[in-house]
Each structure stands twice: as structure tokens, then as C-alpha cells.
$ cat run08.tsv   # TSV, C-alpha atoms
chain	number	residue	atom	x	y	z
A	1	MET	CA	-20.12	12.58	47.83
A	2	PHE	CA	-18.01	10.57	45.38
A	3	ASN	CA	-17.33	13.38	42.92
A	4	ASN	CA	-13.63	13.70	43.80
A	5	VAL	CA	-12.80	10.00	44.02
A	6	ASN	CA	-10.34	9.02	41.27
A	7	ASN	CA	-10.80	12.42	39.64
A	8	PRO	CA	-7.56	13.30	37.83
A	9	PHE	CA	-8.74	16.88	37.38
A	10	GLY	CA	-9.10	17.61	41.10
A	11	ASN	CA	-11.20	20.71	41.67
A	12	ARG	CA	-10.61	22.10	38.19
A	13	ALA	CA	-13.54	22.46	35.88
A	14	VAL	CA	-13.66	20.07	32.95
A	15	SER	CA	-14.48	21.76	29.68
A	16	SER	CA	-16.79	20.00	27.27
A	17	SER	CA	-16.54	19.67	23.53
A	18	THR	CA	-18.81	22.67	23.06
A	19	SER	CA	-17.36	26.13	22.71
A	20	SER	CA	-18.36	29.30	24.60
A	21	ASP	CA	-19.22	32.65	23.11
A	22	SER	CA	-18.08	35.94	24.64
A	23	GLN	CA	-20.99	36.05	27.09
A	24	GLY	CA	-20.29	32.61	28.54
A	25	ARG	CA	-23.14	30.84	26.78
A	26	ARG	CA	-22.27	27.50	25.28
A	27	GLN	CA	-22.71	26.83	21.57
A	28	LYS	CA	-22.22	23.58	19.74
A	29	GLU	CA	-20.22	23.67	16.53
A	30	ASP	CA	-22.45	23.27	13.50
A	31	PRO	CA	-22.10	19.66	12.24
A	32	LYS	CA	-22.61	20.84	8.66
A	33	GLU	CA	-19.65	23.22	8.95
A	34	GLU	CA	-17.52	20.48	10.46
A	35	LEU	CA	-18.43	18.07	7.65
A	36	LYS	CA	-17.70	20.75	5.05
A	37	LYS	CA	-14.28	21.31	6.63
A	38	TYR	CA	-13.43	17.61	6.27
A	39	ILE	CA	-14.73	17.39	2.71
A	40	GLU	CA	-12.69	20.39	1.56
A	41	GLU	CA	-9.41	19.05	2.95
A	42	GLU	CA	-7.05	17.90	0.22
A	43	GLU	CA	-5.73	14.39	0.69
A	44	PRO	CA	-3.59	12.32	-1.64
A	45	ASP	CA	-5.56	9.73	-3.61
A	46	GLU	CA	-2.83	7.12	-3.48
A	47	VAL	CA	-1.18	5.80	-0.35
A	48	LEU	CA	2.15	4.03	-0.41
A	49	ILE	CA	2.09	1.36	2.27
A	50	GLY	CA	5.31	1.12	4.19
A	51	GLY	CA	6.96	3.80	2.08
A	52	LEU	CA	8.79	1.30	-0.10
A	53	PRO	CA	10.72	2.76	-3.03
A	54	ILE	CA	9.49	2.38	-6.60
A	55	LEU	CA	11.64	-0.04	-8.60
A	56	THR	CA	13.84	1.04	-11.51
A	57	GLU	CA	14.23	-0.85	-14.79
A	58	GLU	CA	17.61	-2.28	-13.72
A	59	GLU	CA	16.17	-3.52	-10.44
A	60	VAL	CA	13.17	-5.12	-12.18
A	61	LEU	CA	15.44	-6.87	-14.69
A	62	ALA	CA	17.76	-8.17	-11.96
A	63	MET	CA	14.84	-9.30	-9.80
A	64	THR	CA	13.24	-11.06	-12.77
A	65	LYS	CA	16.43	-12.99	-13.53
A	66	GLN	CA	16.73	-13.93	-9.85
A	67	TYR	CA	13.05	-14.98	-9.67
A	68	ILE	CA	13.32	-17.16	-12.80
A	69	ALA	CA	16.56	-18.73	-11.54
A	70	LYS	CA	14.85	-19.63	-8.26
A	71	LEU	CA	11.90	-21.18	-10.09
A	72	LYS	CA	14.28	-23.17	-12.28
A	73	SER	CA	16.12	-24.50	-9.23
A	74	GLU	CA	12.80	-25.52	-7.65
A	75	HIS	CA	11.84	-27.45	-10.81
A	76	GLU	CA	15.21	-29.00	-11.68
A	77	ASP	CA	13.66	-32.36	-12.46
A	78	ASN	CA	11.11	-30.98	-14.95
A	79	GLU	CA	12.80	-30.10	-18.25
A	80	LYS	CA	9.59	-28.70	-19.78
A	81	VAL	CA	9.18	-26.13	-16.97
A	82	LYS	CA	12.83	-25.08	-17.27
A	83	LYS	CA	12.41	-24.65	-21.03
A	84	ASN	CA	9.26	-22.53	-20.53
A	85	LEU	CA	11.02	-20.34	-17.96
A	86	ASP	CA	14.02	-19.84	-20.28
A	87	LYS	CA	11.64	-18.85	-23.08
A	88	TYR	CA	9.84	-16.39	-20.76
A	89	LEU	CA	13.15	-14.81	-19.74
A	90	ASP	CA	14.30	-14.53	-23.38
A	91	ASN	CA	11.06	-12.77	-24.35
A	92	PHE	CA	10.93	-10.57	-21.25
A	93	ASP	CA	10.77	-6.86	-22.16
A	94	VAL	CA	11.45	-4.75	-19.09
A	95	LYS	CA	10.10	-1.53	-20.65
A	96	LYS	CA	6.81	-3.17	-21.63
A	97	PHE	CA	6.58	-4.82	-18.20
A	98	MET	CA	7.10	-1.50	-16.39
A	99	LYS	CA	4.64	0.30	-18.65
A	100	LYS	CA	2.00	-2.34	-17.90
A	101	ASN	CA	2.76	-2.17	-14.14
A	102	PRO	CA	3.71	1.44	-13.23
A	103	ASN	CA	4.95	2.56	-9.79
A	104	MET	CA	5.79	-0.98	-8.75
A	105	THR	CA	7.40	-1.75	-5.40
A	106	SER	CA	9.09	-5.04	-4.55
A	107	PRO	CA	5.97	-6.70	-3.08
A	108	ASP	CA	4.03	-5.66	-6.20
A	109	PHE	CA	6.75	-7.18	-8.37
A	110	TYR	CA	6.57	-10.56	-6.66
A	111	MET	CA	2.78	-10.60	-6.90
A	112	VAL	CA	2.86	-9.81	-10.64
A	113	MET	CA	5.65	-12.31	-11.32
A	114	PHE	CA	3.79	-15.05	-9.47
A	115	ASN	CA	0.70	-14.40	-11.58
A	116	GLU	CA	2.69	-14.34	-14.84
A	117	THR	CA	4.75	-17.47	-14.17
A	118	GLU	CA	2.09	-19.56	-12.46
A	119	GLY	CA	1.00	-21.10	-15.74
A	120	LEU	CA	4.58	-21.85	-16.75
A	121	VAL	CA	5.39	-24.04	-13.75
A	122	LYS	CA	2.23	-26.17	-13.79
$ encode --input "run08.tsv" --output "C-alpha cells"
Amino acid sequence: MFNNVNNPFGNRAVSSSTSSDSQGRRQKEDPKEELKKYIEEEEPDEVLIGGLPILTEEEVLAMTKQYIAKLKSEHEDNEKVKKNLDKYLDNFDVKKFMKKNPNMTSPDFYMVMFNETEGLVK
């Protein structure tokens, strides 16, 4: 009695997830075949979140100078911290930094810089 109430398909037949063979009999797809299909698909191992570009050496160097300058301005009253930050910037080797942290995006850079300079500002 209530089969057609709120039925968006009207009087049309609704097909199920099973497939039909040529004689109209229904067959379910073999789950092992389906699993094999998903396993054999090639997918990239690494996913770039947000599609941010990878930083170049010039960008890393400029961002490092900017990051150190900001830390120095935050710790203007502490001469020891400013001296440590200047020493870090003088010894900073951009090639070594990029080799140690390949394929770095800007969020990665800020995370690494925070970890490297955390001990200098305490």
C-alpha cells in the first residue's frame, strides 16, 4: 500500500548492486576479484597536502633571515638570545639544511625552524 509514497523512482525498477548475466539471472561480483582490483591500482606513495609548492634555496634563505629577525625582535631585552640567534644565522648553511629536509613546503619550514631555534630562545 505504501510502496509509492515518497518514492523518487516512481514505477521504475530499482537495480541493485548485483549484476545480471545474459539470461537475466543475478550474480554478485566476486569480492576477491574486487579486492584484487583495488590492490593492483597504482597510487602515489606521497601526498602533498594543499598542493603547496616546494621551497627553493633562495626562498629558504630569505625565510630563515625573516624568521630569525622576528625572534630577535621578540627577545629584544635578552642580549644572550640575540647573540645565539646571530650565531645561528652566521652558521646557517642553506644547502645542508635543504639536504637534511628535502621537499620542504612553507609549513614544513616553520615546523623545522621552530624545532631548531627552540633551544636558542630559552
$ closest_residue --input "run08.tsv" --among "A:Val94, A:Ile39, A:Val121, A:Met113" --to "A:Thr56" --atoms "all atoms listed in the file"
A:Val94
$ residues_around --input "run08.tsv" --residues "stretch 75-79 of chain A" --least-positions-apart "6" --cutoff "12 Å" --atoms "all atoms listed in the file" --output "CSV table (one decimal) with C-alpha atoms, in the frame of the given file"
chain,number,residue,atom,x,y,z
A,68,ILE,CA,13.3,-17.2,-12.8
A,69,ALA,CA,16.6,-18.7,-11.5
A,85,LEU,CA,11.0,-20.3,-18.0
A,86,ASP,CA,14.0,-19.8,-20.3
A,120,LEU,CA,4.6,-21.8,-16.8
A,121,VAL,CA,5.4,-24.0,-13.8
A,122,LYS,CA,2.2,-26.2,-13.8
$ axis_aligned_box --input "run08.tsv" --around "stretch 106-110 of chain A" --padding-each-side "3 Å" --output "JSON"
{"center_x": 6.6, "center_y": -7.8, "center_z": -5.7, "size_x": 11.1, "size_y": 11.5, "size_z": 11.3}
$ atom_distance --input "run08.tsv" --atom1 "atom CA of A:Lys95" --atom2 "atom CA of A:Met63"
14.2 Å
$ atom_distance --input "run08.tsv" --atom1 "atom CA of A:Val60" --atom2 "atom CA of A:Phe109"
7.7 Å
$ atom_distance --input "run08.tsv" --atom1 "atom CA of A:Lys83" --atom2 "atom CA of A:Val112"
20.5 Å
$ residues_near_point --input "run08.tsv" --point "(2.6, -2.8, -7.9)" --cutoff "12 Å" --atoms "all atoms listed in the file" --output "list of chain:residue names"
A:Leu48, A:Ile49, A:Leu52, A:Pro53, A:Ile54, A:Leu55, A:Val60, A:Phe97, A:Met98, A:Lys99, A:Lys100, A:Asn101, A:Pro102, A:Asn103, A:Met104, A:Thr105, A:Ser106, A:Pro107, A:Asp108, A:Phe109, A:Tyr110, A:Met111, A:Val112, A:Met113
